[in-house]
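Undergrad: Just dropping this structure here.
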There are 2 protein chains.
Amino acid sequence: MAGRPETPGRRPARGRRENQRLRTRKDLLQAAARLLETGVTPGMDEIAEAALVSRATAYRYFPSLEALLLEAPLQAEAPDPEQLFADDGESDPEARIDRAVDALQRMAYANAPQLRLMLSHSLARPARSDRPRRQNRRTQLIEAALEPIRLQLTQAEYRRLCRALALLIGTEAMIVCQEVLQIDERAAREASRWAARALVRETLAGRRHA
Amino acid sequence: MAGRPETPGRRPARGRRENQRLRTRKDLLQAAARLLETGVTPGMDEIAEAALVSRATAYRYFPSLEALLLEAPLQAEAPDPEQLFADDGESDPEARIDRAVDALQRMAYANAPQLRLMLSHSLARPARSDRPRRQNRRTQLIEAALEPIRLQLTQAEYRRLCRALALLIGTEAMIVCQEVLQIDERAAREASRWAARALVRETLAGRRHA
DNA sequence: GAAATAATGAGACTATAGTCTCATAATAAG
DNA sequence: CTTATTATGAGACTATAGTCTCATTATTTC
């Protein structure tokens, strides 16, 4: 029989021809990632061809082009929050936010074409519970950056600040800068950075005066 | 000859059969808007059928499905900046920003399904000069709100503030609140509003201390 | 090595976006 | 009314996403 070679939902079945399947899967994801870096949405044909695999096989491993693109590895990964603040004892909250904003926005721009596509696909249909949720890198990064001042704030203040900061960074902020403001990456980073600092400053100032 | 009936780029040619063309165009846009409100992306076939027009005619008026969807009228229109600040002499910049943020976010949530689709389409492919640009309501609204304090700021300060505010409102901010933060409309408006006020306050405070 | 099993390739098939051509219907001008 | 002009409808055509079937190839097992 033709059959599916380990459709995502199936159990591992680790005894039988696992390496071959893992290699095919990896080849597809790598080919997709390579093509995505060009900024043009690759078709299933192109990806399959680049992976030296037939189109039918590609569909055996991924139920749709979208699923493949969503799993394609990012060119530059988001920095690990732990690691970003691990080396030094920097406790100035503005400096820490600065670093987080900078790291995330650089990552976003480095993966701009792919992130745009991922967002586009996730918006194409109304949220469904069975659909894989989109990754969320920014919340962890923001919380890590605010860690030193968390206890100085009420829960309401902290939550309010976290939410506002989430609006200033990540894929969506990049989109606004590209499509609406039409400014380059450097100016975009500048804008996010200034706003983030200002919100932290404002929060702490309000705390002191209260 | 078959011919195009006033392709967007052509000159008005206002003498010859203009009403017929305007009516067809309006019918297409209205049909698209009606279908979009269901939250599902309509196909050109569906729109043309709903507009009682052939598919070929639809393509004569709009170069692509995307172009049609981008021009489709929103269910609740964004408030006219002039009108929003016309009636009273409110000059407190924070109050004005408050009003602008509130108005735009209410509009965004009222048109959430359609705006999500519009954004999705505009992200699906890399920006191309021949592709219809997306609408931009927020910039005008922000500038109108900041009008009373514009002269108190340097151009750099003003531009910086405008850019930062653009990150806090509009479709993308709504997306972040829905998908990343997963908060309801009221909490989202609250977040945008507080952040916008804080940035205005911070800008003016920095001005005074300088 | 031979048999059973699983992955793959080739290709037919459907659906929708978009293009193009030609015939027809509606309108304006004489 | 007649004629030229213009919008429209019908349908053929290409391209790509996605599905499905079947033969072939590669791997495992005995």
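Each chain of the structure tokens is named A, B, ... in the order shown, its residues numbered from 1; ligands are numbered from 1 in display order.
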Using only C-alpha atoms (C1' of nucleotides), which protein or nucleic acid residues come within 9 Å of Arg106 in chain B? Drop anything in the same chain fewer than 6 positions from it, and give the result as a list in words.

TA: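 What passes the distance filter is Ala78, Glu185 and Arg189 of chain B.
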
Undergrad: Please check the contacts: residues of chain C at most 7 Å away from chain A, using only C-alpha atoms (C1' of nucleotides), listed as a PyMOL selection string.

TA: chain C and resi 7-9

Undergrad: With chain B laid on chain A by least squares, using all C-alpha atoms in order, how large is the RMSD?

TA: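 Per the least-squares fit, the RMSD is 1.6 Å.
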
Undergrad: What are the nearest atom pairs, with distances in Å to one decimal, for all residues of chain D that come at most 9 Å from chain A, using only C-alpha atoms (C1' of nucleotides), set out by chain and rising residue number as JSON lines?

TA:
{"residue": "D:DT16", "atom": "C1'", "partner": "A:Gly43", "partner_atom": "CA", "distance": 7.6}
{"residue": "D:DA17", "atom": "C1'", "partner": "A:Leu65", "partner_atom": "CA", "distance": 7.9}
{"residue": "D:DG18", "atom": "C1'", "partner": "A:Ser64", "partner_atom": "CA", "distance": 7.5}
{"residue": "D:DT21", "atom": "C1'", "partner": "A:Ala2", "partner_atom": "CA", "distance": 8.7}
{"residue": "D:DC22", "atom": "C1'", "partner": "A:Ala2", "partner_atom": "CA", "distance": 8.2}
{"residue": "D:DT27", "atom": "C1'", "partner": "A:Arg17", "partner_atom": "CA", "distance": 7.3}
{"residue": "D:DT28", "atom": "C1'", "partner": "A:Arg16", "partner_atom": "CA", "distance": 7.8}

Undergrad: Compile the contact shell of range 165-172 of chain B as a PDB file with C-alpha atoms, in the first residue's frame: residues with an atom at most 6 Å away, counting only C-alpha atoms (C1' of nucleotides), same-chain residues fewer than 2 positions apart removed.

TA:
ATOM      1  CA  LEU A 167       2.131  46.086  21.668  1.00  0.00           C
ATOM      2  CA  LEU A 168       5.489  47.682  20.951  1.00  0.00           C
ATOM      3  CA  GLU A 172       3.032  43.077  14.543  1.00  0.00           C
ATOM      4  CA  ALA A 173       5.148  46.071  15.494  1.00  0.00           C
TER       5      ALA A 173
ATOM      6  CA  ALA B 108     -11.230  48.016  14.718  1.00  0.00           C
ATOM      7  CA  CYS B 162       3.614  59.695  16.279  1.00  0.00           C
ATOM      8  CA  ARG B 163       5.457  56.520  15.399  1.00  0.00           C
ATOM      9  CA  MET B 174      -6.050  44.408  18.144  1.00  0.00           C
ATOM     10  CA  ILE B 175      -4.376  41.278  16.790  1.00  0.00           C
ATOM     11  CA  SER B 192      -3.801  51.102  24.427  1.00  0.00           C
TER      12      SER B 192
END

Undergrad: So that each row is one residue of chain A with an atom at most 9 Å from chain B, can you give its shortest atom pair and the distance in Å to one decimal, using only C-alpha atoms, rows by chain and rising number, as a Markdown table?

TA:
| residue | atom | partner | partner_atom | distance |
| --- | --- | --- | --- | --- |
| A:Gly39 | CA | B:Pro126 | CA | 6.6 |
| A:Val40 | CA | B:Pro126 | CA | 6.7 |
| A:Thr41 | CA | B:Arg125 | CA | 6.9 |
| A:Pro113 | CA | B:Pro126 | CA | 7.3 |
| A:Arg116 | CA | B:Leu123 | CA | 5.7 |
| A:Leu117 | CA | B:Ala124 | CA | 5.7 |
| A:Met118 | CA | B:Ala124 | CA | 8.9 |
| A:Leu119 | CA | B:Ser120 | CA | 7.2 |
| A:Ser120 | CA | B:Ser120 | CA | 4.2 |
| A:His121 | CA | B:Ser120 | CA | 6.8 |
| A:Ser122 | CA | B:Ser120 | CA | 8.0 |
| A:Leu123 | CA | B:Ser120 | CA | 5.5 |
| A:Ala124 | CA | B:Ser120 | CA | 5.7 |
| A:Arg125 | CA | B:Val40 | CA | 7.1 |
| A:Pro126 | CA | B:Gly39 | CA | 7.3 |
| A:Ala127 | CA | B:Glu179 | CA | 8.5 |
| A:Arg133 | CA | B:Glu179 | CA | 8.5 |
| A:Arg134 | CA | B:Glu179 | CA | 7.9 |
| A:Gln135 | CA | B:Val180 | CA | 8.6 |
| A:Asn136 | CA | B:Val180 | CA | 6.6 |
| A:Arg138 | CA | B:Val180 | CA | 8.8 |
| A:Thr139 | CA | B:Val180 | CA | 8.3 |
| A:Arg160 | CA | B:Ala191 | CA | 6.3 |
| A:Leu161 | CA | B:Ala195 | CA | 8.1 |
| A:Arg163 | CA | B:Ala191 | CA | 6.4 |
| A:Ala164 | CA | B:Ala191 | CA | 5.8 |
| A:Leu165 | CA | B:Ala195 | CA | 8.6 |
| A:Ala166 | CA | B:Val176 | CA | 7.5 |
| A:Leu167 | CA | B:Leu168 | CA | 5.9 |
| A:Leu168 | CA | B:Leu167 | CA | 5.9 |
| A:Ile169 | CA | B:Leu167 | CA | 8.6 |
| A:Glu172 | CA | B:Glu172 | CA | 5.6 |
| A:Ala173 | CA | B:Leu167 | CA | 6.0 |
| A:Ile175 | CA | B:Glu172 | CA | 7.9 |
| A:Val176 | CA | B:Leu167 | CA | 6.5 |
| A:Cys177 | CA | B:Leu167 | CA | 8.0 |
| A:Glu179 | CA | B:Arg134 | CA | 7.8 |
| A:Val180 | CA | B:Asn136 | CA | 6.6 |
| A:Leu181 | CA | B:Arg163 | CA | 7.0 |
| A:Ala188 | CA | B:Arg163 | CA | 8.5 |
| A:Glu190 | CA | B:Arg160 | CA | 8.6 |
| A:Ala191 | CA | B:Ala164 | CA | 5.8 |
| A:Ser192 | CA | B:Ala164 | CA | 6.7 |
| A:Trp194 | CA | B:Ala164 | CA | 8.0 |
| A:Ala195 | CA | B:Ala164 | CA | 5.9 |
| A:Ala198 | CA | B:Glu202 | CA | 6.4 |
| A:Leu199 | CA | B:Ala198 | CA | 6.5 |
| A:Arg201 | CA | B:Glu202 | CA | 8.3 |
| A:Glu202 | CA | B:Ala198 | CA | 6.4 |
| A:Thr203 | CA | B:Ala198 | CA | 8.4 |

Undergrad: DSSP says alpha helix (DSSP H) for which residues of range 18-155 of chain A? Put them as a ChimeraX atom specification?

TA: /A:18-36,44-50,55-61,65-71,81-84,93-110,112-124,138-146,155

Undergrad: Which residues, written as a PyMOL selection string, have at least one atom at most 8 Å from range 25-34 of chain A, with only C-alpha atoms (C1' of nucleotides) counted and residues fewer than 3 positions away on the same chain left out?

TA: chain A and resi 21-22+37-38+42+47-48+50-51+58+61+68-69+71-75

Undergrad: Smallest atom-to-atom distance to Ser91 in chain A: which of A:Ala145, A:Arg23, A:Thr154, A:Ala205, using only C-alpha atoms?

TA: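 Among the listed residues, the smallest separation from Ser91 in chain A belongs to A:Ala145.
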
Undergrad: Quick check, in Å to one decimal: how far apart do C1' of DC13 in chain C and C1' of DT14 in chain D lie?

TA: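 These two atoms are separated by 16.4 Å.
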
Undergrad: Find the distance between CA of Leu104 in chain B and CA of Glu77 in chain B and write it in Å to one decimal.

TA: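 Interatomic distance here is 9.3 Å.
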